[in-house]
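Dropping my_file-v3.tsv in here (TSV, C-alpha atoms):
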chain	number	residue	atom	x	y	z
A	12	GLU	CA	144.16	60.94	138.09
A	13	ALA	CA	145.94	58.90	135.46
A	14	GLY	CA	145.80	60.33	131.96
A	15	VAL	CA	144.94	58.77	128.63
A	16	ALA	CA	147.59	56.20	127.78
A	17	GLN	CA	148.63	55.49	124.20
A	18	SER	CA	151.19	53.21	122.67
A	19	PRO	CA	153.44	53.09	120.83
A	20	ARG	CA	154.72	56.68	120.83
A	21	TYR	CA	156.40	56.34	117.45
A	22	LYS	CA	156.06	53.93	114.55
A	23	ILE	CA	157.75	53.79	111.16
A	24	ILE	CA	156.40	51.37	108.57
A	25	GLU	CA	156.60	50.86	104.86
A	26	LYS	CA	153.58	51.55	102.67
A	27	ARG	CA	151.21	48.62	102.33
A	28	GLN	CA	152.18	47.30	105.76
A	29	SER	CA	149.74	47.17	108.65
A	30	VAL	CA	149.94	48.93	112.00
A	31	ALA	CA	147.90	49.05	115.21
A	32	PHE	CA	147.62	51.65	117.93
A	33	TRP	CA	146.36	51.15	121.47
A	34	CYS	CA	144.54	53.51	123.81
A	35	ASN	CA	143.52	53.24	127.46
A	36	PRO	CA	141.17	56.08	128.46
A	37	ILE	CA	140.71	57.71	131.83
A	38	SER	CA	138.77	55.48	134.18
A	39	GLY	CA	135.07	56.28	134.11
A	40	HIS	CA	135.17	58.10	130.77
A	41	ALA	CA	132.44	56.55	128.65
A	42	THR	CA	133.28	58.42	125.46
A	43	LEU	CA	136.43	57.68	123.48
A	44	TYR	CA	137.65	59.31	120.28
A	45	TRP	CA	140.37	58.71	117.74
A	46	TYR	CA	141.70	61.72	115.87
A	47	GLN	CA	144.21	62.05	113.03
A	48	GLN	CA	146.42	65.14	113.13
A	49	ILE	CA	148.45	65.80	110.02
A	50	LEU	CA	151.37	68.19	110.51
A	51	GLY	CA	150.19	71.80	110.51
A	52	GLN	CA	146.49	70.94	110.69
A	53	GLY	CA	143.83	70.60	113.33
A	54	PRO	CA	142.85	67.18	114.63
A	55	LYS	CA	140.35	65.37	112.41
A	56	LEU	CA	137.79	63.06	114.02
A	57	LEU	CA	138.05	59.47	112.80
A	58	ILE	CA	135.73	57.60	115.13
A	59	GLN	CA	133.73	58.13	118.32
A	60	PHE	CA	132.74	55.40	120.78
A	61	GLN	CA	130.18	55.61	123.53
A	62	ASN	CA	131.04	52.74	125.88
A	63	ASN	CA	131.72	49.93	123.39
A	64	GLY	CA	129.37	51.15	120.66
A	65	VAL	CA	130.29	53.27	117.65
A	66	VAL	CA	128.52	56.65	117.59
A	67	ASP	CA	130.20	58.20	114.56
A	68	ASP	CA	132.63	56.69	112.08
A	69	SER	CA	131.63	58.78	109.07
A	70	GLN	CA	135.19	60.12	108.58
A	71	LEU	CA	136.93	56.75	109.00
A	72	PRO	CA	138.36	55.40	105.70
A	73	LYS	CA	136.78	52.02	106.22
A	74	ASP	CA	138.56	50.37	103.31
A	75	ARG	CA	141.80	50.54	105.30
A	76	PHE	CA	141.05	51.73	108.84
A	77	SER	CA	139.27	49.79	111.56
A	78	ALA	CA	138.74	50.39	115.25
A	79	GLU	CA	137.24	48.59	118.18
A	80	ARG	CA	136.64	49.21	121.85
A	81	LEU	CA	136.44	46.02	123.81
A	82	LYS	CA	134.36	45.95	127.00
A	83	GLY	CA	133.93	49.72	126.79
A	84	VAL	CA	137.46	50.46	128.01
A	85	ASP	CA	140.60	50.02	125.87
A	86	SER	CA	140.53	50.71	122.16
A	87	THR	CA	142.65	49.80	119.17
A	88	LEU	CA	142.92	51.54	115.82
A	89	LYS	CA	144.31	49.59	112.89
A	90	ILE	CA	145.47	50.62	109.43
A	91	GLN	CA	145.83	47.96	106.75
A	92	PRO	CA	147.34	48.59	104.26
A	93	ALA	CA	149.02	51.90	105.09
A	94	LYS	CA	149.53	54.66	102.53
A	95	LEU	CA	152.03	57.49	102.51
A	96	GLU	CA	149.26	60.00	103.29
A	97	ASP	CA	148.50	58.18	106.54
A	98	SER	CA	151.64	59.73	108.04
A	99	ALA	CA	150.30	61.72	110.98
A	100	VAL	CA	149.90	61.77	114.74
A	101	TYR	CA	147.03	59.60	115.91
A	102	LEU	CA	145.48	61.00	119.05
A	103	CYS	CA	143.16	59.20	121.40
A	104	ALA	CA	140.93	61.25	123.69
A	105	SER	CA	138.32	60.47	126.30
A	106	SER	CA	135.64	62.41	128.14
A	107	PHE	CA	132.72	61.96	130.51
A	108	GLY	CA	130.36	62.85	127.72
A	109	THR	CA	130.07	64.56	124.39
A	110	ASP	CA	129.81	68.12	125.66
A	111	TYR	CA	132.65	67.89	128.13
A	112	GLY	CA	136.27	68.75	127.49
A	113	TYR	CA	138.46	65.98	126.22
A	114	THR	CA	141.66	64.70	127.73
A	115	PHE	CA	144.05	63.73	124.98
A	116	GLY	CA	146.73	61.10	125.09
A	117	SER	CA	150.28	61.83	123.96
A	118	GLY	CA	149.56	60.37	120.56
A	119	THR	CA	151.31	57.95	118.23
A	120	ARG	CA	153.43	59.52	115.53
A	121	LEU	CA	153.17	57.33	112.43
A	122	THR	CA	155.57	57.69	109.53
A	123	VAL	CA	154.82	55.70	106.39
A	124	VAL	CA	157.79	55.43	104.01
B	25	GLY	CA	128.24	68.49	108.79
B	26	GLU	CA	129.88	71.06	111.03
B	27	ASN	CA	132.69	73.20	109.63
B	28	VAL	CA	134.91	75.41	111.80
B	29	GLU	CA	137.01	78.21	110.33
B	30	GLN	CA	139.78	79.81	112.40
B	31	HIS	CA	141.68	83.06	111.86
B	32	PRO	CA	144.42	84.14	111.78
B	33	SER	CA	146.66	81.17	111.00
B	34	THR	CA	149.64	82.96	112.57
B	35	LEU	CA	149.75	85.75	115.13
B	36	SER	CA	152.78	87.53	116.52
B	37	VAL	CA	152.51	89.91	119.49
B	38	GLN	CA	154.84	91.63	121.90
B	39	GLU	CA	154.96	90.40	125.46
B	40	GLY	CA	152.28	92.19	127.50
B	41	ASP	CA	150.02	92.83	124.51
B	42	SER	CA	146.66	91.15	123.97
B	43	ALA	CA	145.96	88.42	121.43
B	44	VAL	CA	142.61	87.60	119.83
B	45	ILE	CA	141.80	84.50	117.81
B	46	LYS	CA	138.47	84.15	116.03
B	47	CYS	CA	136.45	81.15	114.88
B	48	THR	CA	133.22	80.72	112.97
B	49	TYR	CA	131.07	77.60	112.84
B	50	SER	CA	128.43	76.48	110.40
B	51	ASP	CA	126.00	74.31	112.37
B	52	SER	CA	123.57	76.38	114.44
B	53	ALA	CA	122.87	73.30	116.58
B	54	SER	CA	126.43	73.33	117.98
B	55	ASN	CA	126.35	74.06	121.68
B	56	TYR	CA	129.84	73.43	123.07
B	57	PHE	CA	132.94	75.44	122.16
B	58	PRO	CA	136.30	74.58	123.75
B	59	TRP	CA	139.75	75.98	123.09
B	60	TYR	CA	142.91	73.88	123.16
B	61	LYS	CA	146.56	74.84	123.43
B	62	GLN	CA	149.14	72.60	121.79
B	63	GLU	CA	152.84	73.10	122.37
B	64	LEU	CA	155.30	71.67	119.87
B	65	GLY	CA	155.36	67.89	120.01
B	66	LYS	CA	152.81	67.71	122.81
B	67	ARG	CA	149.16	66.81	123.18
B	68	PRO	CA	146.37	69.41	122.89
B	69	GLN	CA	145.28	70.65	126.30
B	70	LEU	CA	141.95	72.23	127.17
B	71	ILE	CA	142.39	75.81	128.35
B	72	ILE	CA	138.82	77.13	128.43
B	73	ASP	CA	135.39	76.22	127.13
B	74	ILE	CA	131.97	77.81	126.78
B	75	ARG	CA	128.49	76.46	126.29
B	76	SER	CA	125.78	78.03	124.16
B	77	ASN	CA	123.77	79.32	127.11
B	78	VAL	CA	126.64	81.63	128.11
B	79	GLY	CA	127.93	84.65	126.20
B	80	GLU	CA	131.28	85.10	127.89
B	81	LYS	CA	133.60	83.23	130.23
B	82	LYS	CA	136.82	84.35	131.84
B	83	ASP	CA	139.66	82.53	133.59
B	84	GLN	CA	142.46	84.82	134.75
B	85	ARG	CA	144.15	86.14	131.57
B	86	ILE	CA	142.01	84.08	129.20
B	87	ALA	CA	138.47	84.83	128.09
B	88	VAL	CA	136.13	83.42	125.48
B	89	THR	CA	133.13	85.16	123.93
B	90	LEU	CA	130.32	83.57	121.94
B	91	ASN	CA	127.92	85.19	119.49
B	92	LYS	CA	125.31	82.58	118.60
B	93	THR	CA	123.50	84.81	116.14
B	94	ALA	CA	126.61	85.36	114.08
B	95	LYS	CA	127.91	81.85	114.81
B	96	HIS	CA	131.32	82.97	115.91
B	97	PHE	CA	133.41	82.76	119.06
B	98	SER	CA	136.72	84.26	120.05
B	99	LEU	CA	139.62	83.63	122.42
B	100	HIS	CA	141.15	86.64	124.16
B	101	ILE	CA	144.51	86.43	125.94
B	102	THR	CA	145.58	89.50	127.88
B	103	GLU	CA	149.03	90.40	129.18
B	104	THR	CA	150.64	87.77	126.96
B	105	GLN	CA	153.79	86.01	128.13
B	106	PRO	CA	156.41	84.05	126.19
B	107	GLU	CA	155.02	80.80	127.63
B	108	ASP	CA	151.72	81.55	125.84
B	109	SER	CA	153.52	80.78	122.57
B	110	ALA	CA	151.88	77.69	121.07
B	111	VAL	CA	149.28	76.60	118.53
B	112	TYR	CA	145.70	77.27	119.62
B	113	PHE	CA	142.72	75.33	118.28
B	114	CYS	CA	139.06	76.18	118.55
B	115	ALA	CA	136.45	73.45	118.26
B	116	ALA	CA	132.70	73.00	118.19
B	117	SER	CA	130.28	70.18	118.84
B	118	LYS	CA	126.62	69.52	119.35
B	119	TRP	CA	124.88	67.05	121.59
B	120	SER	CA	126.20	63.49	121.09
B	121	SER	CA	128.74	64.43	118.42
B	122	GLY	CA	132.51	64.68	118.52
B	123	LEU	CA	134.48	67.91	118.39
B	124	ILE	CA	135.24	69.47	115.02
B	125	PHE	CA	138.46	71.47	115.18
B	126	GLY	CA	139.59	74.60	113.40
B	127	GLN	CA	142.86	74.72	111.48
B	128	GLY	CA	144.84	76.27	114.33
B	129	THR	CA	146.55	79.58	115.09
B	130	GLU	CA	150.27	79.70	115.77
B	131	LEU	CA	150.77	82.37	118.43
B	132	SER	CA	154.23	83.79	118.95
B	133	VAL	CA	154.86	86.09	121.92
B	134	LYS	CA	158.08	88.05	121.54
B	135	PRO	CA	159.88	89.10	124.72
Take the structure in the file and write it out as structure tokens.
Amino acid sequence: EAGVAQSPRYKIIEKRQSVAFWCNPISGHATLYWYQQILGQGPKLLIQFQNNGVVDDSQLPKDRFSAERLKGVDSTLKIQPAKLEDSAVYLCASSFGTDYGYTFGSGTRLTVV
Amino acid sequence: GENVEQHPSTLSVQEGDSAVIKCTYSDSASNYFPWYKQELGKRPQLIIDIRSNVGEKKDQRIAVTLNKTAKHFSLHITETQPEDSAVYFCAASKWSSGLIFGQGTELSVKP
């Protein structure tokens, strides 16, 4: 089966600029997650979608981060404006349901300078 | 909310020895506990998982144990090989919630 697709793989932006990441989950996976992984740390949950509805966005810095999942398939995560501390790998994952293992995408490595 | 603590942060073993990584969780309602392996520059990959109605699960050289009373679970790798070297993450979740990850353990297997 095809995996979770993410793009771009790498992005370098200046602080205060905006950036967007794209994710295409595995076909049939209703649950989609965005995680932020700072170097040397475990992934931190940003937002969880069930189909096209938000289940949990309690850890999403809503003053600068936004996410959507159109038609319950693809998802985009946006940061505007970016800060230096946003430098991290942004991982998208999908699963059949909330107590099933995730399949992660390759991630987008964001560097904010 | 859920909090997952993982120990040790680094672990070095000789090839052929066993490795044990331990995690504790705070939310007694958590019922799903997976372990992920992440090689440098790559995505986390699921290696084994356990649900709260099971105390132990084994898959070849890898096993996971769960103690619900103490709220801790452990990953056991036997007969370690150099290709086991990676960062390992434990995680926990409860029904309808996303996974909360531990801080990771960097395992180094020396030939």
Please find the residues of chain B near chain A - the criterion being any atom within 6 Å, counting only C-alpha atoms - and write them as a PDB file with C-alpha atoms, in the frame of the given file.
ATOM      1  CA  TYR B  56     129.840  73.430 123.070  1.00  0.00           C
ATOM      2  CA  ARG B  67     149.160  66.810 123.180  1.00  0.00           C
ATOM      3  CA  SER B 120     126.200  63.490 121.090  1.00  0.00           C
ATOM      4  CA  PHE B 125     138.460  71.470 115.180  1.00  0.00           C
ATOM      5  CA  GLY B 126     139.590  74.600 113.400  1.00  0.00           C
ATOM      6  CA  GLN B 127     142.860  74.720 111.480  1.00  0.00           C
ATOM      7  CA  GLY B 128     144.840  76.270 114.330  1.00  0.00           C
TER       8      GLY B 128
END
Item checked: One-decimal distance in Å that lies between CA of Val44 (chain B) and CA of Ser76 (chain B) ->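 Separating CA of Ser76 (chain B) from CA of Val44 (chain B) is a distance of 19.8 Å.
Taking CA of Tyr60 (chain B) as the reference point, CA of Leu95 (chain A) is found at 27.9 Å.
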Note to self: Would you compute the distance between CA of Tyr112 (chain B) and CA of Trp59 (chain B)? Give it in Å to one decimal.
What the structure shows: 7.0 Å
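Comparing B:Ile86, B:Cys47, B:Leu70, B:Ala53 by their smallest distance to Ser33 (chain B), the closest is B:Cys47 (using all atoms listed in the file).
Distances from B:Gln84, B:Gln38, B:Val28, B:Ser121 to Pro135 (chain B) were compared using all atoms listed in the file, and the smallest one belongs to B:Gln38.
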Next item on the list: Excluding His96 (chain B) and any residue of its chain fewer than 3 positions from it, enumerate the residues within 7 Å of it, using all atoms listed in the file, and give them as a ChimeraX atom specification.
Entry: /B:47-49,90-92
Checklist line | Lys22 (chain A) environment, 12 Å, only C-alpha atoms, sequence neighbours closer than 4 positions dropped, as a ChimeraX atom specification | finding: /A:18,28-32,93,97-101,118-124
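Once only C-alpha atoms are considered, the residues situated within 6 Å of the file point (148.4, 88.8, 122.1) turn out to be Val37, Asp41, Ser42, Ala43, Ile101 and Thr104 of chain B.
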